[in-house]
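K.L.:
Dumping the structure here so I can ask a few things about it.
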Amino acid sequence: MTTRFRFPRAMRVVSTRDFRRVYREGSRARGSLMTVAVAPNGLPHSRLGLSVGRAVWKKAVRRNRVRRVFREAFRLEQHELPAGLDVVVIGSVPRVEPELEATRRELRQLTAKAWRRYREKAER
RNA sequence: CGAGAGGACCGGGCGGUCGCUCCCGGAGCGCGAGCUCCGGGGGAGGAAAGUCCGGGCUCCGCGGGUCAGGGUGGUUGCUAACGGCAACCGGUCGCAAGGCCCGGGAAAGUGCCACAGAAAACAAACCGCCUCCUCCGGGAGGUAAGGGUGAAACGGUGCGGUAAGAGCGCACCGCGCCCCCGGUGACGGGGGUGGCACGGCAAACCCCACCUGGAGAAAGACCAAAUAGGGGGGCGGGCGACGACCCGCGCCUCUCGUCCCCGGGUAGGUCGUUGGAGGCCGGGCGCGAGCCCGGUCCCAGAGAAAUGGCCGCCCCCCCGCCCCUUCGGGGGCGGGGGACAGAAUCCGGCUUACAGGUCCUCUCGCGCC
RNA sequence: GCGGGCGUAGUUCAAUGGUAGAACGUCAGCCUUCCAAGCUGAACGCGUGGGUUCGAUUCCCAUCGCCCGCU
């Protein structure tokens with residue numbers, strides 16, 4: 001049985017309430033391509049939320065490109081990431097042109113880093 | 001062959017693989033909304049953009065009138081409508097094909113025209129020119145051809161005429177008015193006449209003609225947790241509002257009285273939401289924009305927002321190395337690049353951005369037959 | 001997605017269609033033993049491209065950039 005890389009809508013953070021919860025309670029980690037914010041979601045799987053605003057690119061095409069690369073990176077890395085998290089990927093770097101492999105690497109590192117910070121905060 | 005003009009169109013192709021979303025069919029799970037799997041099908045643009053116009057649609061209670069405000073500006077058409085388009089007229093640029101033009105009114109009124117200049121719009125006269133007078137300093141009168149200023153100076157050129165001159169007279173051109181002819185019309189052509197009157201600016205106020213209510217899908221309709229206790233309807237009276245006023249009808253936000261009823265609504269969800277002034281093919285009408293008839297097709301519907309990622313081959317462009325060459329170029333290998341740009345209620349236009357490429361028609365020049 | 005508004009010196013703002021000004025800042029000189037303050041002087045420009053006009057920062061059109069409001 002080969003590992004599947006499905007990515008249905010249920011694996012997306014969609015509602016405004018969930019976004020607000022991650023921003024308020026979650027922990028963050030910033031890298032050269034993105035900022036990652038995480039918080040547990042109480043589900044058996046992790047979910048992805050995207051936030052790529054006009055500060056990244058003024059043209060809608062370029063923003064869509066950034067979102068697609070981020071989304072593809074999450075799809076391919078979903079089994080390597082901790083389960084049961086809401087992962088909000090924020091486009092925080094103006095005029096980024098992300099490469100897929102670099103994005104996968106950074107997503108993995110930043111998610112682990114943010115998740116570690118969350119657990120340290122929870123212990124205190 | 002070269003130079004150029006106008007128009008129509010395409011916007012990388014094929015395959016593999018991992019995904020997303022919607023629709024249809026089937027199977028499984030679940031009380032159910034639904035979820036999962038399998039198969040089939042659809043899935044960005046010519047500008048989806050800017051939001052500059054016009055319309056559909058929805059709400060603001062409906063209809064009518066006058067005004068205010070806003071818009072348009074050659075004519076005739078096309079259209080659901082338009083500030084769009086077509087044909088034509090006029091002006092202007094080009095040898096031409098053709099291009100460009102916010103192209104009504106300045107004898108309804110108001111305003112502005114800096115500086116310079118004598119004078120800037122209604123007539124006047126700085127230097128001049130001419131005649132006469134003179135105490136030789138100049139003065140009176142005639143004149144607007146010449147000078148100079150200016151973006152613009154009171155018709156232009158020539159001849160006659162005169163003291164010097166002047167439409168003072170004549171010819172041609174321009175301009176105004178009248179008549180005739182052609183055209184639906186803008187306007188064009190011809191004839192007569194006037195003796196020049198009417199400087200420019202209306203993307204200055206304005207006048208004229210025509211058009212025009214406001215908001216916008218976050219419009220709007222429905223279902224409906226948690227929380228909070230209020231909320232709704234009928235009848236009668238009063239005040240008042242939707243740019244202003246008026247008329248007719250309708251209605252009640254607000255408030256008072258009274259009677260009756262149990263719903264209202266945030267988060268969230270569903271609808272609106274994709275079948276339409278629709279695409280393609282054929283025929284007919286029209287110079288054309290377009291219109292009519294018949295056949296055929298269903299062709300994106302997301303929602304923190306799908307239409308993507310990776311790989312291979314082909315196509316086009318650029319660079320490097322090597323080989324061949326009839327010096328025009330051809331071939332091989334490697335590397336890089338392939339525009340502008342992403343639907344969000346829909347449609348008709350306009351505008352702006354854009355690598356490269358295809359097709360059609362026309363003009364001018366050169367050569368050959 | 002929709003609706004509004006604004007672009008003028010380095011900065012904050014003015015200006016009827018007729019030479020673009022003010023304050024602060026910058027630079028130079030004077031003054032002072034030196035600095036500051038003060039005085040004098042200078043440089044610095046209408047977002048961009050067209051059009052109307054004799055003439056445009058001003059009027060008209062297009063374009064670029066920025067800001068605000070509406071669930």
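Each chain of the structure tokens is named A, B, ... in the order shown, its residues numbered from 1; ligands are numbered from 1 in display order.
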DSSP on the backbone, then: every residue of segment 81-116 of chain A marked strand (DSSP E), written as JSON, numbers by chain.
P.N.:
{"A": [85, 86, 87, 88, 89, 90]}
K.L.:
Step one, run DSSP on the backbone; step two, keep only residues of segment 26-68 of chain A assigned to alpha helix (DSSP H); then write them as a ChimeraX atom specification.
P.N.:
/A:60-68
K.L.:
Please save C-alpha atoms of the selected residues as an mmCIF file, in the first residue's frame.
P.N.:
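Output file result_21.cif follows:
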```
data_model
loop_
_atom_site.group_PDB
_atom_site.id
_atom_site.type_symbol
_atom_site.label_atom_id
_atom_site.label_comp_id
_atom_site.auth_asym_id
_atom_site.auth_seq_id
_atom_site.Cartn_x
_atom_site.Cartn_y
_atom_site.Cartn_z
ATOM 1 C CA ALA A 60 -3.466 38.469 -8.260
ATOM 2 C CA VAL A 61 -1.653 36.004 -10.539
ATOM 3 C CA ARG A 62 1.498 36.175 -8.497
ATOM 4 C CA ARG A 63 -0.400 35.734 -5.223
ATOM 5 C CA ASN A 64 -2.140 32.669 -6.634
ATOM 6 C CA ARG A 65 1.251 31.249 -7.608
ATOM 7 C CA VAL A 66 2.549 31.665 -4.055
ATOM 8 C CA ARG A 67 -0.576 30.045 -2.593
ATOM 9 C CA ARG A 68 -0.336 27.097 -4.948
#
```
K.L.:
What is the atom C1' of U19 of chain C-atom C1' of U53 of chain C distance in Å, reported with one decimal?
P.N.:
19.2 Å
K.L.:
Which polymer residues have any atom within 10 Å of an atom of segment 33-48 of chain C, counting only C-alpha atoms (C1' of nucleotides), with same-chain residues fewer than 2 positions away left out, as JSON, numbers by chain?
P.N.:
{"C": [7, 8, 9, 10, 20, 26, 27, 28, 29, 30, 31, 57, 63, 64, 65]}
K.L.:
Please report as a ChimeraX atom specification which residues of chain B come no farther than 12 Å from chain A, using only C-alpha atoms (C1' of nucleotides).
P.N.:
/B:18-21,35-36,44,48-49,267-268,303-310,340-343
K.L.:
Output N, CA, C and O atoms (P, O5', C5', C4', C3', O3' and C1' of nucleotides) for every residue in that selection, as a short mmCIF file (atom, residue, chain, number, x, y, z; two decimals), in the first residue's frame.
P.N.:
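This went into out.cif:
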```cif
data_model
loop_
_atom_site.label_atom_id
_atom_site.label_comp_id
_atom_site.auth_asym_id
_atom_site.auth_seq_id
_atom_site.Cartn_x
_atom_site.Cartn_y
_atom_site.Cartn_z
P C B 18 -0.98 8.27 -10.28
"O5'" C B 18 -0.74 9.47 -9.28
"C5'" C B 18 0.24 9.39 -8.27
"C4'" C B 18 0.39 10.72 -7.54
"C3'" C B 18 -0.91 11.32 -7.04
"O3'" C B 18 -1.36 10.73 -5.82
"C1'" C B 18 0.36 12.99 -8.11
P G B 19 -2.93 10.86 -5.44
"O5'" G B 19 -3.09 12.40 -5.10
"C5'" G B 19 -4.25 13.10 -5.46
"C4'" G B 19 -4.04 14.59 -5.28
"C3'" G B 19 -5.29 15.43 -5.34
"O3'" G B 19 -5.97 15.44 -4.10
"C1'" G B 19 -3.68 16.38 -6.75
P C B 20 -7.56 15.48 -4.03
"O5'" C B 20 -7.90 16.97 -4.47
"C5'" C B 20 -7.46 18.06 -3.69
"C4'" C B 20 -7.97 19.36 -4.27
"C3'" C B 20 -9.45 19.39 -4.56
"O3'" C B 20 -10.21 19.68 -3.40
"C1'" C B 20 -8.27 20.25 -6.42
P U B 21 -11.67 19.03 -3.19
"O5'" U B 21 -12.57 19.82 -4.23
"C5'" U B 21 -12.85 21.20 -4.05
"C4'" U B 21 -13.55 21.78 -5.24
"C3'" U B 21 -14.82 21.07 -5.66
"O3'" U B 21 -15.94 21.47 -4.88
"C1'" U B 21 -13.49 21.49 -7.56
P C B 35 -20.31 15.74 2.02
"O5'" C B 35 -19.56 14.48 2.63
"C5'" C B 35 -18.76 14.60 3.79
"C4'" C B 35 -18.26 13.25 4.23
"C3'" C B 35 -17.45 12.47 3.20
"O3'" C B 35 -16.09 12.88 3.16
"C1'" C B 35 -19.08 11.04 4.15
P U B 36 -15.26 12.79 1.77
"O5'" U B 36 -15.02 11.23 1.57
"C5'" U B 36 -14.18 10.52 2.46
"C4'" U B 36 -14.23 9.03 2.17
"C3'" U B 36 -13.92 8.61 0.75
"O3'" U B 36 -12.52 8.58 0.49
"C1'" U B 36 -15.85 7.47 1.49
P A B 44 -10.11 25.50 -18.58
"O5'" A B 44 -9.45 26.91 -18.39
"C5'" A B 44 -9.76 27.71 -17.28
"C4'" A B 44 -10.46 28.96 -17.75
"C3'" A B 44 -9.63 29.75 -18.74
"O3'" A B 44 -10.54 30.43 -19.57
"C1'" A B 44 -10.00 31.05 -16.79
P A B 48 -12.85 40.59 -21.26
"O5'" A B 48 -12.62 39.66 -19.99
"C5'" A B 48 -11.96 40.16 -18.85
"C4'" A B 48 -12.19 39.24 -17.69
"C3'" A B 48 -11.55 39.69 -16.39
"O3'" A B 48 -12.38 40.56 -15.67
"C1'" A B 48 -10.96 37.46 -16.84
P A B 49 -11.69 41.61 -14.65
"O5'" A B 49 -10.10 41.35 -14.79
"C5'" A B 49 -9.23 41.45 -13.67
"C4'" A B 49 -8.35 42.65 -13.80
"C3'" A B 49 -9.14 43.96 -13.95
"O3'" A B 49 -9.70 44.42 -12.76
"C1'" A B 49 -7.55 43.83 -15.66
P A B 267 -23.76 37.38 11.01
"O5'" A B 267 -23.05 36.19 11.80
"C5'" A B 267 -21.79 36.39 12.43
"C4'" A B 267 -21.29 35.11 13.06
"C3'" A B 267 -21.10 33.93 12.12
"O3'" A B 267 -19.88 33.99 11.41
"C1'" A B 267 -22.23 33.21 14.07
P G B 268 -19.90 33.78 9.78
"O5'" G B 268 -20.59 32.36 9.62
"C5'" G B 268 -19.90 31.17 9.98
"C4'" G B 268 -20.84 29.99 9.98
"C3'" G B 268 -21.51 29.68 8.65
"O3'" G B 268 -20.66 28.97 7.75
"C1'" G B 268 -23.13 29.65 10.35
P G B 303 -15.52 26.14 -2.44
"O5'" G B 303 -15.42 27.59 -1.81
"C5'" G B 303 -14.13 28.19 -1.60
"C4'" G B 303 -14.29 29.64 -1.20
"C3'" G B 303 -14.96 29.85 0.15
"O3'" G B 303 -14.42 31.01 0.74
"C1'" G B 303 -16.27 30.86 -1.52
P A B 304 -13.97 30.94 2.22
"O5'" A B 304 -12.38 30.96 2.12
"C5'" A B 304 -11.76 31.92 1.30
"C4'" A B 304 -10.30 32.04 1.64
"C3'" A B 304 -9.66 30.75 2.15
"O3'" A B 304 -8.31 30.71 1.69
"C1'" A B 304 -9.45 32.44 3.78
P A B 305 -7.93 29.82 0.42
"O5'" A B 305 -9.11 30.07 -0.60
"C5'" A B 305 -9.84 28.98 -1.17
"C4'" A B 305 -10.69 29.46 -2.30
"C3'" A B 305 -9.92 30.03 -3.49
"O3'" A B 305 -9.54 29.01 -4.37
"C1'" A B 305 -11.74 31.45 -2.89
P A B 306 -8.24 29.14 -5.29
"O5'" A B 306 -8.27 27.75 -6.05
"C5'" A B 306 -8.12 26.54 -5.32
"C4'" A B 306 -8.73 25.39 -6.08
"C3'" A B 306 -8.28 25.28 -7.53
"O3'" A B 306 -7.08 24.55 -7.64
"C1'" A B 306 -10.63 25.16 -7.42
P U B 307 -5.80 25.22 -8.31
"O5'" U B 307 -6.12 25.14 -9.87
"C5'" U B 307 -6.28 23.87 -10.50
"C4'" U B 307 -6.95 24.04 -11.83
"C3'" U B 307 -6.32 25.10 -12.73
"O3'" U B 307 -5.21 24.60 -13.43
"C1'" U B 307 -8.68 25.34 -12.70
P G B 308 -4.09 25.54 -14.09
"O5'" G B 308 -2.81 25.31 -13.15
"C5'" G B 308 -2.56 26.17 -12.05
"C4'" G B 308 -2.04 25.39 -10.88
"C3'" G B 308 -0.76 24.60 -11.12
"O3'" G B 308 0.40 25.39 -11.07
"C1'" G B 308 -2.32 23.25 -10.00
P G B 309 1.76 24.92 -11.84
"O5'" G B 309 2.29 23.71 -10.94
"C5'" G B 309 2.82 23.95 -9.63
"C4'" G B 309 3.33 22.67 -9.02
"C3'" G B 309 4.38 21.94 -9.82
"O3'" G B 309 5.67 22.49 -9.64
"C1'" G B 309 2.75 20.40 -9.06
P C B 310 6.72 22.57 -10.87
"O5'" C B 310 7.15 21.03 -11.03
"C5'" C B 310 7.84 20.37 -9.99
"C4'" C B 310 7.93 18.89 -10.27
"C3'" C B 310 8.51 18.50 -11.62
"O3'" C B 310 9.93 18.57 -11.64
"C1'" C B 310 6.57 17.23 -11.22
P C B 340 5.15 39.20 -18.61
"O5'" C B 340 3.79 39.98 -18.79
"C5'" C B 340 3.75 41.23 -19.47
"C4'" C B 340 2.33 41.56 -19.84
"C3'" C B 340 1.34 41.50 -18.68
"O3'" C B 340 1.36 42.69 -17.92
"C1'" C B 340 0.45 40.41 -20.59
P A B 341 1.28 42.57 -16.31
"O5'" A B 341 -0.25 42.23 -16.08
"C5'" A B 341 -0.67 41.14 -15.30
"C4'" A B 341 -1.83 40.45 -15.97
"C3'" A B 341 -2.68 39.58 -15.04
"O3'" A B 341 -3.66 40.37 -14.39
"C1'" A B 341 -2.17 38.40 -17.03
P G B 342 -3.98 40.18 -12.82
"O5'" G B 342 -5.19 39.14 -12.83
"C5'" G B 342 -4.95 37.79 -13.01
"C4'" G B 342 -6.23 37.04 -13.20
"C3'" G B 342 -7.02 36.84 -11.90
"O3'" G B 342 -8.40 36.88 -12.19
"C1'" G B 342 -6.39 34.74 -12.80
P A B 343 -9.37 37.73 -11.17
"O5'" A B 343 -10.46 36.72 -10.55
"C5'" A B 343 -10.95 35.63 -11.28
"C4'" A B 343 -12.07 36.01 -12.21
"C3'" A B 343 -13.45 36.05 -11.59
"O3'" A B 343 -14.21 37.05 -12.24
"C1'" A B 343 -13.40 34.42 -13.29
#
```
K.L.:
Please provide as a PyMOL selection string all residues within 10 Å of A80 of chain B, with the sequence filter that same-chain residues fewer than 2 positions apart are discarded (counting only C-alpha atoms (C1' of nucleotides)).
P.N.:
chain B and resi 54-56+277+348
K.L.:
How would the residues just chosen look if you wrote them out with C-alpha atoms (C1' of nucleotides) as a PDB file, in the first residue's frame?
P.N.:
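What ended up in again-v9.pdb:
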```pdb
ATOM      1  C1'   G B  54     -24.618  51.553 -20.937  1.00  0.00           C
ATOM      2  C1'   G B  55     -28.226  47.651 -19.695  1.00  0.00           C
ATOM      3  C1'   G B  56     -30.455  43.082 -17.148  1.00  0.00           C
ATOM      4  C1'   A B 277     -29.544  40.692 -25.860  1.00  0.00           C
ATOM      5  C1'   G B 348     -22.879  44.990 -24.504  1.00  0.00           C
TER       6        G B 348
END
```
K.L.:
Skip Phe70 of chain A itself and residues of its chain fewer than 6 positions away, then list as an MDAnalysis selection string all residues within 9 Å of it, counting only C-alpha atoms (C1' of nucleotides).
P.N.:
chainID A and resid 50 89 98 100 103:104 107
K.L.:
Neighbours of G320 of chain B within 12 Å (only C-alpha atoms (C1' of nucleotides); same-chain residues fewer than 4 positions away dropped), as a tab-separated table (two decimals) with C-alpha atoms (C1' of nucleotides), in the first residue's frame?
P.N.:
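Contents of part_31.tsv, freshly written:
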```
chain	number	residue	atom	x	y	z
B	333	C	C1'	25.78	18.58	-28.51
B	334	G	C1'	25.03	21.52	-24.04
B	335	G	C1'	22.71	25.64	-21.37
B	336	G	C1'	18.95	29.50	-20.79
```
K.L.:
Do a neighbour search on segment 142-153 of chain B at 10 Å with only C-alpha atoms (C1' of nucleotides), toss out local chain neighbours closer than 2 positions, and write the hits as a PyMOL selection string.
P.N.:
(chain B and resi 113+115-117+119-120+125-131+163-166+199-200) or (chain C and resi 53-55)
K.L.:
In Å to one decimal, how far is atom C1' of G5 of chain C from atom C1' of G21 of chain C?
P.N.:
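Atom C1' of G5 of chain C lies at a distance of 25.6 Å from atom C1' of G21 of chain C.
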K.L.:
For C2 of chain C, which residue among B:A215, B:A300, B:C324, B:C317 is the nearest when counting only C-alpha atoms (C1' of nucleotides)?
P.N.:
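Closest residue, counting only C-alpha atoms (C1' of nucleotides): B:A215.
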K.L.:
Using atom CA of Ala112 of chain A and atom CA of Val38 of chain A as the two end points, give the distance in Å to one decimal.
P.N.:
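So the answer is 9.4 Å.
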K.L.:
Counting only C-alpha atoms, which of A:Ala10, A:Arg95, A:Ser27, A:Ala83 gets nearest to Gly42 of chain A?
P.N.:
A:Ala83
K.L.:
Nearest residue to U66 of chain B out of B:A353, B:C52, B:C246, B:A123, using only C-alpha atoms (C1' of nucleotides)?
P.N.:
B:C246
